[in-house]
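Text of entry17.txt, listed as compact mmCIF, C-alpha atoms and all ligand atoms:
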# COMPACT_ATOMS: atom_id res chain seq x y z
CA MET R 1 71.02 80.97 101.67
CA ALA R 2 72.14 84.27 103.27
CA ASP R 3 69.38 86.82 103.95
CA PHE R 4 71.66 89.73 103.04
CA ALA R 5 73.70 90.76 100.02
CA VAL R 6 76.96 92.71 99.84
CA ARG R 7 77.47 95.45 97.26
CA VAL R 8 79.01 98.86 96.62
CA LEU R 9 77.00 101.64 98.27
CA THR R 10 76.18 104.56 96.01
CA GLU R 11 73.08 106.40 97.28
CA ASP R 12 73.50 109.06 99.91
CA THR R 13 70.79 107.49 102.08
CA GLU R 14 72.50 104.09 102.15
CA LEU R 15 75.92 105.64 102.82
CA ARG R 16 74.44 107.45 105.74
CA ALA R 17 72.63 104.36 107.02
CA ALA R 18 75.85 102.31 106.84
CA HIS R 19 77.84 105.05 108.56
CA SER R 20 75.20 105.26 111.29
CA LEU R 21 75.26 101.53 111.93
CA LEU R 22 79.06 101.71 112.07
CA ARG R 23 78.83 104.39 114.74
CA VAL R 24 76.45 102.22 116.78
CA ALA R 25 78.76 99.18 116.32
CA LEU R 26 81.65 101.27 117.66
CA HIS R 27 79.48 102.65 120.49
CA SER R 28 79.84 106.25 119.28
CA PRO R 29 77.10 108.83 119.89
CA PRO R 30 74.52 109.57 117.16
CA MET R 31 75.37 111.97 114.35
CA SER R 32 73.38 115.10 113.47
CA ASP R 33 72.24 116.05 109.94
CA SER R 34 74.83 118.82 109.79
CA ASP R 35 77.59 116.41 110.91
CA TRP R 36 76.61 114.09 108.07
CA GLU R 37 76.99 116.93 105.55
CA SER R 38 80.69 116.99 106.50
CA VAL R 39 81.16 113.28 107.09
CA ARG R 40 79.77 112.28 103.67
CA LYS R 41 82.78 114.03 102.06
CA THR R 42 85.06 111.56 103.80
CA TYR R 43 83.74 108.74 101.59
CA ALA R 44 85.39 108.43 98.18
CA PRO R 45 83.02 107.15 95.47
CA LYS R 46 82.60 103.36 95.19
CA ARG R 47 84.89 102.57 98.10
CA TYR R 48 82.15 101.96 100.69
CA PHE R 49 80.70 98.45 100.76
CA GLY R 50 77.56 97.46 102.58
CA ALA R 51 75.65 94.34 103.50
CA ILE R 52 71.97 94.97 102.77
CA ALA R 53 69.11 93.02 104.35
CA ASP R 54 65.46 93.91 103.62
CA GLY R 55 66.67 97.10 101.92
CA VAL R 56 68.58 98.28 104.99
CA ALA R 57 72.35 98.38 105.63
CA VAL R 58 73.40 95.87 108.31
CA GLY R 59 77.15 95.76 107.59
CA SER R 60 79.79 98.28 106.58
CA ALA R 61 83.38 98.22 105.20
CA TYR R 62 85.41 101.01 103.56
CA VAL R 63 88.68 100.85 101.62
CA TYR R 64 91.23 103.66 101.28
CA ASP R 65 93.07 103.27 97.96
CA SER R 66 96.70 103.66 98.84
CA ALA R 67 100.23 102.43 98.26
CA MET R 68 102.81 101.15 100.72
CA ALA R 69 106.61 101.07 100.86
CA VAL R 70 107.94 97.50 101.06
CA PRO R 71 111.42 96.34 102.12
CA GLY R 72 113.99 97.55 99.60
CA GLY R 73 112.15 100.77 98.73
CA ASN R 74 109.55 99.68 96.14
CA THR R 75 105.97 100.84 96.56
CA VAL R 76 102.97 98.58 95.88
CA LEU R 77 99.26 99.30 95.57
CA MET R 78 97.47 98.70 98.83
CA GLY R 79 93.91 98.93 100.13
CA GLY R 80 93.49 100.16 103.69
CA LEU R 81 90.39 98.45 105.12
CA ALA R 82 88.50 100.47 107.72
CA ARG R 83 85.05 101.22 109.10
CA VAL R 84 84.11 97.56 109.45
CA GLY R 85 80.98 97.07 111.49
CA VAL R 86 77.93 94.80 111.65
CA ARG R 87 74.60 95.64 113.23
CA ALA R 88 74.30 93.83 116.55
CA ASP R 89 71.21 91.84 115.55
CA TYR R 90 73.08 90.46 112.51
CA ARG R 91 76.34 89.54 114.26
CA ARG R 92 77.86 86.08 113.88
CA ARG R 93 75.82 85.27 110.81
CA GLY R 94 78.65 85.66 108.32
CA VAL R 95 78.05 89.32 107.38
CA MET R 96 81.67 90.40 107.97
CA THR R 97 82.91 87.24 106.21
CA GLU R 98 80.98 88.21 103.06
CA LEU R 99 82.20 91.81 103.33
CA MET R 100 85.78 90.47 103.51
CA ARG R 101 85.22 88.24 100.50
CA PHE R 102 83.79 91.19 98.57
CA GLN R 103 86.47 93.70 99.50
CA LEU R 104 89.31 91.26 98.74
CA ALA R 105 87.81 90.47 95.30
CA ASP R 106 87.55 94.23 94.75
CA ALA R 107 91.17 94.64 95.88
CA LYS R 108 92.32 92.06 93.31
CA ALA R 109 90.27 93.73 90.57
CA ASN R 110 91.93 97.05 91.45
CA GLY R 111 95.44 95.58 91.31
CA HIS R 112 96.02 95.89 95.05
CA VAL R 113 98.98 93.79 96.08
CA LEU R 114 98.40 94.22 99.82
CA SER R 115 95.44 94.82 102.08
CA THR R 116 96.03 96.30 105.52
CA LEU R 117 93.95 97.36 108.50
CA HIS R 118 94.06 98.49 112.11
CA ALA R 119 92.22 95.91 114.19
CA SER R 120 89.71 96.78 116.92
CA GLU R 121 90.37 93.34 118.43
CA SER R 122 93.27 91.00 117.78
CA GLY R 123 91.13 87.87 117.42
CA ILE R 124 89.17 88.89 114.34
CA TYR R 125 91.34 89.08 111.23
CA GLY R 126 93.79 86.16 111.27
CA ARG R 127 91.15 83.88 109.73
CA PHE R 128 91.02 86.18 106.71
CA GLY R 129 94.79 85.97 106.15
CA TYR R 130 95.86 89.13 108.02
CA GLY R 131 98.80 89.08 110.42
CA ILE R 132 100.50 91.75 112.53
CA GLY R 133 102.77 93.26 109.89
CA THR R 134 104.15 96.31 111.69
CA ARG R 135 104.34 97.36 115.33
CA ALA R 136 104.34 100.75 117.01
CA ARG R 137 105.34 102.25 120.35
CA GLU R 138 103.08 104.41 122.51
CA ILE R 139 105.15 106.90 124.51
CA HIS R 140 104.36 109.34 127.30
CA LEU R 141 106.87 112.08 128.00
CA ILE R 142 106.43 113.37 131.55
CA LYS R 143 108.10 116.74 132.14
CA PRO R 144 110.79 116.11 129.53
CA ARG R 145 113.76 118.49 129.23
CA ILE R 146 115.85 118.92 126.12
CA ARG R 147 119.50 117.95 126.61
CA ALA R 148 122.04 120.70 126.01
CA GLY R 149 124.01 119.98 122.89
CA VAL R 150 121.18 118.59 120.74
CA PRO R 151 121.73 120.46 117.45
CA ARG R 152 119.07 122.35 115.52
CA SER R 153 118.71 121.85 111.79
CA GLY R 154 116.16 124.52 110.87
CA ARG R 155 113.20 126.41 112.22
CA VAL R 156 109.59 125.59 113.05
CA ARG R 157 106.55 127.73 112.20
CA MET R 158 102.93 127.23 113.19
CA LEU R 159 100.11 127.14 110.65
CA SER R 160 96.56 128.33 111.03
CA SER R 161 94.02 125.49 110.97
CA ALA R 162 92.75 126.81 107.62
CA GLU R 163 96.23 126.29 106.14
CA ALA R 164 96.74 122.91 107.77
CA ILE R 165 95.20 120.47 105.31
CA GLU R 166 96.32 122.49 102.28
CA GLN R 167 99.95 122.42 103.37
CA THR R 168 100.44 119.16 105.26
CA ALA R 169 98.88 116.86 102.63
CA PRO R 170 101.31 117.87 99.83
CA LEU R 171 104.18 118.05 102.31
CA TYR R 172 103.54 114.46 103.41
CA GLU R 173 103.63 113.45 99.75
CA ARG R 174 106.84 115.39 99.10
CA ILE R 175 108.62 113.94 102.14
CA GLY R 176 107.77 110.48 100.79
CA LEU R 177 107.56 107.02 102.31
CA TYR R 178 110.93 107.02 104.07
CA ARG R 179 110.39 103.91 106.12
CA THR R 180 109.23 100.42 105.15
CA GLY R 181 105.51 100.13 105.87
CA MET R 182 104.64 103.81 105.41
CA MET R 183 101.64 104.47 103.18
CA ALA R 184 100.33 107.08 100.77
CA ARG R 185 97.37 109.13 102.04
CA GLY R 186 94.52 110.09 99.69
CA ARG R 187 92.22 113.06 99.95
CA ASP R 188 89.58 110.94 101.70
CA TRP R 189 92.05 110.18 104.49
CA TRP R 190 92.95 113.84 105.04
CA THR R 191 89.29 114.81 104.97
CA VAL R 192 88.51 112.29 107.69
CA GLN R 193 91.25 113.70 109.89
CA PHE R 194 90.55 117.40 109.47
CA GLU R 195 86.93 117.80 108.40
CA ASP R 196 85.01 115.14 110.31
CA PRO R 197 83.28 117.14 113.07
CA THR R 198 82.55 114.00 115.09
CA ARG R 199 86.24 113.40 115.86
CA GLY R 200 86.46 115.58 118.95
CA ASP R 201 86.28 119.20 119.99
CA GLU R 202 89.86 120.40 120.33
CA PRO R 203 91.27 121.78 117.09
CA TYR R 204 94.39 120.32 115.59
CA LEU R 205 97.51 122.44 115.93
CA VAL R 206 100.07 122.17 113.16
CA ALA R 207 103.74 123.19 112.98
CA VAL R 208 106.01 122.83 109.95
CA HIS R 209 109.79 122.38 109.98
CA SER R 210 112.00 124.05 107.37
CA GLY R 211 115.53 122.77 106.86
CA PRO R 212 118.25 123.88 104.46
CA ASP R 213 116.19 122.67 101.46
CA GLY R 214 112.82 124.08 102.53
CA ASP R 215 109.87 122.47 104.31
CA ASP R 216 110.81 118.94 105.31
CA GLY R 217 108.62 117.90 108.24
CA TYR R 218 105.57 118.70 110.31
CA VAL R 219 103.75 117.78 113.49
CA ILE R 220 100.01 117.69 114.07
CA TYR R 221 98.87 117.64 117.69
CA LYS R 222 96.12 118.63 120.09
CA ALA R 223 96.42 120.27 123.48
CA LYS R 224 94.25 119.15 126.37
CA GLY R 225 94.14 121.56 129.30
CA ASN R 226 94.66 120.54 132.87
CA ASP R 227 92.41 122.26 135.40
CA ARG R 228 94.11 120.77 138.46
CA TYR R 229 96.08 123.96 139.21
CA VAL R 230 98.26 122.44 141.94
CA ALA R 231 101.30 124.65 142.55
CA ASP R 232 103.77 124.14 139.71
CA ASP R 233 102.11 120.93 138.59
CA TYR R 234 99.86 122.81 136.19
CA GLY R 235 100.32 121.91 132.57
CA ALA R 236 98.48 120.72 129.49
CA THR R 237 98.91 117.37 127.77
CA LEU R 238 99.84 117.38 124.10
CA GLU R 239 98.47 114.50 122.05
CA VAL R 240 100.70 113.95 119.03
CA PHE R 241 98.71 112.66 116.13
CA ASP R 242 101.24 112.81 113.29
CA LEU R 243 104.95 113.67 113.25
CA VAL R 244 106.95 113.07 110.07
CA GLY R 245 110.19 114.45 108.71
CA ALA R 246 112.44 113.79 105.76
CA ASN R 247 115.38 113.10 108.08
CA GLN R 248 116.09 112.50 111.76
CA ALA R 249 117.36 116.04 112.24
CA ALA R 250 113.99 117.47 111.15
CA ARG R 251 112.10 115.03 113.35
CA ASN R 252 114.33 115.93 116.31
CA ASP R 253 113.59 119.63 115.82
CA LEU R 254 109.85 118.90 115.84
CA TRP R 255 110.18 116.95 119.09
CA ARG R 256 112.18 119.84 120.53
CA PHE R 257 109.44 122.24 119.46
CA LEU R 258 106.81 120.21 121.35
CA ILE R 259 108.99 119.71 124.42
CA GLU R 260 109.76 123.42 124.74
CA ILE R 261 106.14 124.64 124.55
CA ASP R 262 105.20 126.42 127.79
CA LEU R 263 102.70 125.10 130.31
CA VAL R 264 102.95 121.53 129.09
CA ARG R 265 103.35 118.70 131.56
CA GLU R 266 102.99 115.61 129.35
CA ILE R 267 103.31 114.70 125.70
CA HIS R 268 101.57 111.55 124.50
CA ALA R 269 102.22 109.91 121.14
CA HIS R 270 100.35 106.76 120.30
CA ALA R 271 101.91 104.99 117.35
CA ARG R 272 105.57 105.87 116.91
CA PRO R 273 108.34 103.72 115.37
CA VAL R 274 109.62 101.30 118.00
CA ASP R 275 113.21 102.49 117.42
CA GLU R 276 112.54 106.25 117.32
CA PRO R 277 115.40 107.79 119.34
CA VAL R 278 113.39 110.31 121.39
CA GLU R 279 115.32 109.48 124.59
CA LEU R 280 118.52 110.75 122.97
CA LEU R 281 117.09 114.26 122.95
CA LEU R 282 116.42 114.36 126.69
CA GLU R 283 118.32 115.59 129.72
CA ASN R 284 116.09 113.20 131.67
CA PRO R 285 115.71 110.21 129.29
CA ARG R 286 113.62 108.22 131.74
CA SER R 287 110.89 110.83 131.35
CA CYS R 288 110.09 109.09 128.05
CA ILE R 289 107.99 106.13 129.13
CA THR R 290 107.05 103.32 126.76
CA ARG R 291 103.42 102.57 127.53
CA ASN R 292 102.92 99.85 124.89
CA ILE R 293 104.47 98.21 121.92
CA ASP R 294 101.41 97.06 120.03
CA ASP R 295 100.24 96.00 116.62
CA ASP R 296 100.28 98.88 114.15
CA VAL R 297 98.94 97.53 110.83
CA TRP R 298 97.76 94.05 110.03
CA VAL R 299 98.94 92.96 106.61
CA ARG R 300 97.42 90.58 104.08
CA LEU R 301 99.10 89.63 100.83
CA VAL R 302 96.30 89.89 98.25
CA ASN R 303 98.55 88.84 95.37
CA VAL R 304 101.24 86.62 96.90
CA PRO R 305 103.57 86.30 93.88
CA ALA R 306 103.44 90.04 93.15
CA ALA R 307 103.99 90.96 96.81
CA LEU R 308 106.90 88.54 97.27
CA SER R 309 108.50 89.81 94.05
CA ALA R 310 108.11 93.48 95.01
CA ARG R 311 110.38 93.38 98.06
CA THR R 312 114.10 92.70 98.25
CA TYR R 313 115.81 90.00 100.29
CA GLY R 314 118.91 89.70 102.45
CA ASP R 315 122.11 87.86 101.70
CA ALA R 316 121.39 84.11 101.95
CA ASP R 317 120.79 81.09 99.75
CA PRO R 318 117.21 80.52 98.53
CA VAL R 319 114.37 78.95 100.49
CA VAL R 320 111.28 77.10 99.24
CA VAL R 321 108.25 78.42 101.11
CA ALA R 322 104.82 76.76 100.80
CA VAL R 323 101.86 79.07 101.45
CA ASN R 324 98.39 77.84 102.46
CA ASP R 325 95.81 80.51 101.79
CA ALA R 326 92.39 79.19 102.76
CA PHE R 327 90.52 82.45 102.06
CA LEU R 328 92.20 83.25 98.68
CA PRO R 329 93.17 79.73 97.52
CA GLU R 330 94.67 80.99 94.23
CA ASN R 331 97.61 82.24 96.34
CA SER R 332 98.36 78.76 97.70
CA GLY R 333 101.48 77.10 96.36
CA SER R 334 105.24 76.88 96.75
CA TYR R 335 107.57 79.80 96.06
CA LEU R 336 111.33 79.85 95.66
CA VAL R 337 112.47 82.99 97.52
CA SER R 338 115.95 84.23 96.64
CA ARG R 339 117.96 87.44 96.36
CA GLU R 340 117.46 87.26 92.60
CA GLY R 341 113.66 87.23 92.89
CA VAL R 342 110.72 84.94 93.57
CA THR R 343 109.39 82.19 91.30
CA LYS R 344 106.88 79.37 91.63
CA ALA R 345 108.69 76.30 92.96
CA THR R 346 108.29 72.64 92.22
CA ALA R 347 110.84 71.44 94.81
CA GLN R 348 109.80 70.09 98.22
CA ALA R 349 108.78 72.90 100.62
CA GLU R 350 111.33 73.69 103.32
CA LEU R 351 109.01 76.01 105.28
CA THR R 352 105.20 75.89 105.29
CA LEU R 353 102.96 78.64 106.61
CA ASP R 354 99.47 80.13 106.43
CA ALA R 355 98.55 83.46 104.86
CA ASP R 356 98.31 85.34 108.19
CA THR R 357 101.86 84.26 109.10
CA LEU R 358 103.06 85.43 105.69
CA GLY R 359 101.57 88.83 106.57
CA MET R 360 103.67 88.82 109.77
CA LEU R 361 106.80 87.86 107.87
CA TYR R 362 106.47 90.16 104.91
CA PHE R 363 107.74 93.45 106.37
CA GLY R 364 110.20 91.74 108.66
CA ALA R 365 108.46 92.67 111.92
CA TRP R 366 108.97 89.08 113.13
CA ARG R 367 111.79 86.63 112.45
CA PRO R 368 110.92 83.35 110.75
CA SER R 369 112.73 81.41 113.50
CA ASP R 370 110.57 83.10 116.17
CA LEU R 371 107.42 82.39 114.15
CA ALA R 372 108.52 78.75 113.80
CA ALA R 373 109.25 78.45 117.54
CA ALA R 374 105.73 79.74 118.18
CA GLY R 375 104.28 77.03 115.95
CA ARG R 376 103.39 79.33 113.06
CA ILE R 377 105.85 77.86 110.53
CA ARG R 378 106.24 74.15 109.90
CA VAL R 379 109.90 73.46 109.27
CA GLY R 380 110.98 70.74 106.81
CA ASP R 381 114.65 71.74 106.92
CA HIS R 382 116.15 73.60 109.89
CA ALA R 383 119.00 75.05 107.81
CA ALA R 384 116.33 76.75 105.69
CA LEU R 385 115.03 78.57 108.76
CA ALA R 386 118.39 80.29 109.36
CA ARG R 387 118.48 81.26 105.68
CA ALA R 388 114.93 82.62 105.88
CA ASP R 389 115.92 84.77 108.90
CA ARG R 390 118.55 86.47 106.74
CA LEU R 391 116.45 86.65 103.57
CA PHE R 392 113.44 88.32 105.25
CA GLU R 393 115.47 90.67 107.46
CA PRO R 394 114.13 94.20 106.80
CA ASP R 395 116.23 97.20 105.78
CA SER R 396 114.53 99.29 108.49
CA ILE R 397 112.17 98.42 111.32
CA PRO R 398 108.78 98.65 109.61
CA TRP R 399 106.23 101.24 110.71
CA CYS R 400 103.04 102.48 109.07
CA GLY R 401 102.33 105.57 111.15
CA THR R 402 99.00 106.32 109.46
CA ASN R 403 95.88 105.82 111.51
CA PHE R 404 92.91 104.84 109.35
C1 LIG F 501 89.36 97.22 110.23
C2 LIG F 501 88.30 97.70 111.19
O1 LIG F 501 87.45 98.43 110.79
S1 LIG F 501 88.39 97.23 112.81
C3 LIG F 501 86.72 97.50 113.43
C4 LIG F 501 85.92 96.22 113.50
N1 LIG F 501 84.59 96.50 114.01
C5 LIG F 501 84.23 96.38 115.30
O2 LIG F 501 84.99 95.94 116.14
C6 LIG F 501 82.82 96.83 115.63
C7 LIG F 501 82.10 95.86 116.57
N2 LIG F 501 82.03 94.49 116.02
C8 LIG F 501 81.30 94.19 114.92
O3 LIG F 501 80.67 95.02 114.28
C9 LIG F 501 81.24 92.72 114.51
O4 LIG F 501 81.22 91.93 115.67
C10 LIG F 501 82.43 92.27 113.63
C11 LIG F 501 82.52 93.16 112.39
C12 LIG F 501 83.77 92.34 114.38
C13 LIG F 501 82.23 90.80 113.22
O5 LIG F 501 81.10 90.72 112.35
P1 LIG F 501 80.25 89.38 112.19
O6 LIG F 501 79.33 89.58 111.02
O7 LIG F 501 79.67 88.99 113.49
O8 LIG F 501 81.38 88.30 111.79
P2 LIG F 501 81.12 86.91 111.10
O9 LIG F 501 79.77 86.38 111.48
O10 LIG F 501 81.39 86.99 109.64
O11 LIG F 501 82.24 86.03 111.81
C14 LIG F 501 83.22 85.32 111.09
C15 LIG F 501 84.09 84.56 112.09
O12 LIG F 501 84.79 85.50 112.89
C16 LIG F 501 84.53 85.25 114.27
N3 LIG F 501 84.47 86.57 114.94
C17 LIG F 501 83.67 87.58 114.63
N4 LIG F 501 83.91 88.62 115.44
C18 LIG F 501 84.88 88.24 116.30
C19 LIG F 501 85.52 88.88 117.37
N5 LIG F 501 85.21 90.15 117.75
N6 LIG F 501 86.48 88.19 118.03
C20 LIG F 501 86.79 86.92 117.66
N7 LIG F 501 86.20 86.26 116.63
C21 LIG F 501 85.24 86.92 115.97
C22 LIG F 501 83.20 84.55 114.29
O13 LIG F 501 83.03 83.81 115.47
C23 LIG F 501 83.31 83.70 113.05
O14 LIG F 501 84.11 82.59 113.35
P3 LIG F 501 83.87 81.15 112.65
O15 LIG F 501 84.08 81.37 111.18
O16 LIG F 501 84.87 80.28 113.28
O17 LIG F 501 82.45 80.79 112.95
Just give me the structure of the file as structure tokens.
Ligand SMILES: CC(=O)SCCNC(=O)CCNC(=O)[C@H](O)C(C)(C)COP(=O)(O)OP(=O)(O)OC[C@H]1O[C@@H](n2cnc3c(N)ncnc32)[C@H](O)[C@@H]1OP(=O)(O)O
Amino acid sequence: MADFAVRVLTEDTELRAAHSLLRVALHSPPMSDSDWESVRKTYAPKRYFGAIADGVAVGSAYVYDSAMAVPGGNTVLMGGLARVGVRADYRRRGVMTELMRFQLADAKANGHVLSTLHASESGIYGRFGYGIGTRAREIHLIKPRIRAGVPRSGRVRMLSSAEAIEQTAPLYERIGLYRTGMMARGRDWWTVQFEDPTRGDEPYLVAVHSGPDGDDGYVIYKAKGNDRYVADDYGATLEVFDLVGANQAARNDLWRFLIEIDLVREIHAHARPVDEPVELLLENPRSCITRNIDDDVWVRLVNVPAALSARTYGDADPVVVAVNDAFLPENSGSYLVSREGVTKATAQAELTLDADTLGMLYFGAWRPSDLAAAGRIRVGDHAALARADRLFEPDSIPWCGTNF
């Protein structure tokens, strides 16, 4: 019998206790009373779950209610799991496992089709049915120069920090989820980014792009000074936190804006689409260095039939896919996947996979044949694998782009 119980946290004192234990689990410094006054606003009601032992929080998990664009352009309800932490003296006693059980049951009850997260370590979440669903590129631009001939499509204006949250949140919504894997951002998410005083000292700087039809993109970044003062090597580093635009021309203008700011030596951007054509803007394309291509969001299908039916499929004959879902067994079964839709199948499975592999397949970040070659898909019929490659091929390279 477990000596803790998981439930929704409601009282201010328990929210604060859970947040404090999370900070310790993440090795962050303690939080003052005045910090907590701001941080508490970043928790939407009933979305913070805690494991309680002897009346004290020993485990923490929060869910952002969101929605995500899936291949083909539909949007499905999605819960973004974050702020998972367990007090060190309760680790490896099943606290996180019970939090996962609780939050996935809650996700089902709320009609979430997907659950996603950013993982602190890559060895944790596969056992709960999460797989790397989208990937992102970290780039460093070192003394980049804009290439002559790159066109402009509008103009860029800077906002005051007071205007930032009021203007960028609705603009993000208006621009929409233009790439598979992008997600809606609720008020709690924006509050965490802009109003949590424990997230660092430098203020965010915000610039908005206006094209022929009005505001259509923005960039949020921070500038870190460089006190080295060595001849002409002086220059700040810009850390790009968020850059979105309704079209490539708007995004290009925002990159140009950053690149042309004076006294800047480097521009760092941590989680950009892997195929973002930044190099095409540069006189010196090699100044754009890819530091990493890493996991972006981990994806778990909470409701497998609904998720499989929500996306579209490429041009190929159907495939029978058997799913083993040890953590949510009601998802287990065989599905006939075709261009016309997805139904429960009775025929012999041609491909068999576990829930975490389905999360890797869903947005098309990985090809079924590569997953099979790596031992993640058991193949009953090799012709079916080639068909699955075409069926699951995405319409755009998936990217989430929201840090949570
Ligand atoms: C989405 C996010 O919020 S990412 C942030 C995650 N949080 C952190 O990294 C903070 C620091 N770490 C922690 O607080 C804890 O170690 C946690 C939350 C990662 C794990 O919590 P625990 O309560 O110890 O996990 P629990 O006991 O339920 O373990 C379940 C299984 O996962 C395994 N596991 C747990 N943590 C890890 C890990 N870091 N790496 C690999 N395996 C792990 C356990 O060994 C166990 O395996 P088993 O079922 O084969 O026995």
If the limit is 7 Å from any atom of ligand LIG 501 (chain F), counting only C-alpha atoms and all ligand atoms, which residues qualify? Return them as number ranges by chain. R: 25-26, 61, 81-88, 90-98, 117-121, 123-124
Nearest to Glu163 of chain R by atom-to-atom distance, counting only C-alpha atoms, from R:Phe194, R:Ile142, R:Ala249, R:Arg300: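 Closest to Glu163 of chain R, using only C-alpha atoms: R:Phe194.
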Residue neighbourhood Ala5 of chain R, 8 Å, all atoms listed in the file, exclusion window fewer than 3 positions, as a ChimeraX atom specification: /R:2,51-53
Can I get the selection written as a CSV table (one decimal), keeping the file's coordinate frame, with C-alpha atoms?
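File selection.csv, as written:
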chain,number,residue,atom,x,y,z
R,2,ALA,CA,72.1,84.3,103.3
R,51,ALA,CA,75.6,94.3,103.5
R,52,ILE,CA,72.0,95.0,102.8
R,53,ALA,CA,69.1,93.0,104.4
Between R:Ala136, R:Ala326, R:Val244, R:Val150, smallest distance to Arg291 of chain R by only C-alpha atoms belongs to R:Ala136
Between atom CA of Ala207 of chain R and atom CA of Ala223 of chain R, what distance in Å does the model show, to one decimal? 13.1 Å
Any idea what the distance is between atom CA of Ile259 of chain R and atom CA of Val274 of chain R?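 So the two atoms, atom CA of Ile259 of chain R and atom CA of Val274 of chain R, lie 19.5 Å apart.
Between atom CA of Cys288 of chain R and atom CA of Val264 of chain R there is a distance of 14.4 Å.
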Near segment 383-398 of chain R, counting all atoms listed in the file, which residues have an atom at most 8 Å away, once you skip same-chain residues fewer than 2 positions from it, shown as a JSON list (two decimals) with C-alpha atoms, in the frame of the given file?
[["chain", "number", "residue", "atom", "x", "y", "z"],
["R", 71, "PRO", "CA", 111.42, 96.34, 102.12],
["R", 72, "GLY", "CA", 113.99, 97.55, 99.60],
["R", 134, "THR", "CA", 104.15, 96.31, 111.69],
["R", 135, "ARG", "CA", 104.34, 97.36, 115.33],
["R", 179, "ARG", "CA", 110.39, 103.91, 106.12],
["R", 180, "THR", "CA", 109.23, 100.42, 105.15],
["R", 181, "GLY", "CA", 105.51, 100.13, 105.87],
["R", 182, "MET", "CA", 104.64, 103.81, 105.41],
["R", 273, "PRO", "CA", 108.34, 103.72, 115.37],
["R", 274, "VAL", "CA", 109.62, 101.30, 118.00],
["R", 275, "ASP", "CA", 113.21, 102.49, 117.42],
["R", 313, "TYR", "CA", 115.81, 90.00, 100.29],
["R", 314, "GLY", "CA", 118.91, 89.70, 102.45],
["R", 315, "ASP", "CA", 122.11, 87.86, 101.70],
["R", 316, "ALA", "CA", 121.39, 84.11, 101.95],
["R", 317, "ASP", "CA", 120.79, 81.09, 99.75],
["R", 318, "PRO", "CA", 117.21, 80.52, 98.53],
["R", 319, "VAL", "CA", 114.37, 78.95, 100.49],
["R", 338, "SER", "CA", 115.95, 84.23, 96.64],
["R", 339, "ARG", "CA", 117.96, 87.44, 96.36],
["R", 350, "GLU", "CA", 111.33, 73.69, 103.32],
["R", 351, "LEU", "CA", 109.01, 76.01, 105.28],
["R", 361, "LEU", "CA", 106.80, 87.86, 107.87],
["R", 362, "TYR", "CA", 106.47, 90.16, 104.91],
["R", 363, "PHE", "CA", 107.74, 93.45, 106.37],
["R", 364, "GLY", "CA", 110.20, 91.74, 108.66],
["R", 365, "ALA", "CA", 108.46, 92.67, 111.92],
["R", 367, "ARG", "CA", 111.79, 86.63, 112.45],
["R", 368, "PRO", "CA", 110.92, 83.35, 110.75],
["R", 369, "SER", "CA", 112.73, 81.41, 113.50],
["R", 379, "VAL", "CA", 109.90, 73.46, 109.27],
["R", 381, "ASP", "CA", 114.65, 71.74, 106.92],
["R", 400, "CYS", "CA", 103.04, 102.48, 109.07]]
Can you complete the atoms of segment 111-120 of chain R to N, CA and C atoms and list them as a compact mmCIF listing (two decimals), keeping the file's coordinate frame?
# COMPACT_ATOMS: atom_id res chain seq x y z
N GLY R 111 93.98 95.74 91.37
CA GLY R 111 95.44 95.58 91.31
C GLY R 111 96.14 95.78 92.64
N HIS R 112 95.37 95.75 93.75
CA HIS R 112 96.02 95.89 95.05
C HIS R 112 96.86 94.66 95.33
N VAL R 113 98.07 94.89 95.77
CA VAL R 113 98.98 93.79 96.08
C VAL R 113 98.85 93.41 97.56
N LEU R 114 98.58 94.42 98.37
CA LEU R 114 98.40 94.22 99.82
C LEU R 114 97.07 94.78 100.27
N SER R 115 96.56 94.21 101.36
CA SER R 115 95.44 94.82 102.08
C SER R 115 95.91 94.97 103.53
N THR R 116 95.61 96.10 104.13
CA THR R 116 96.03 96.30 105.52
C THR R 116 94.86 96.85 106.32
N LEU R 117 94.98 96.80 107.63
CA LEU R 117 93.95 97.36 108.50
C LEU R 117 94.52 97.59 109.89
N HIS R 118 93.82 98.40 110.67
CA HIS R 118 94.06 98.49 112.11
C HIS R 118 92.91 97.73 112.77
N ALA R 119 93.25 96.81 113.63
CA ALA R 119 92.22 95.91 114.19
C ALA R 119 91.65 96.47 115.49
N SER R 120 90.32 96.39 115.64
CA SER R 120 89.71 96.78 116.92
C SER R 120 89.98 95.72 117.97
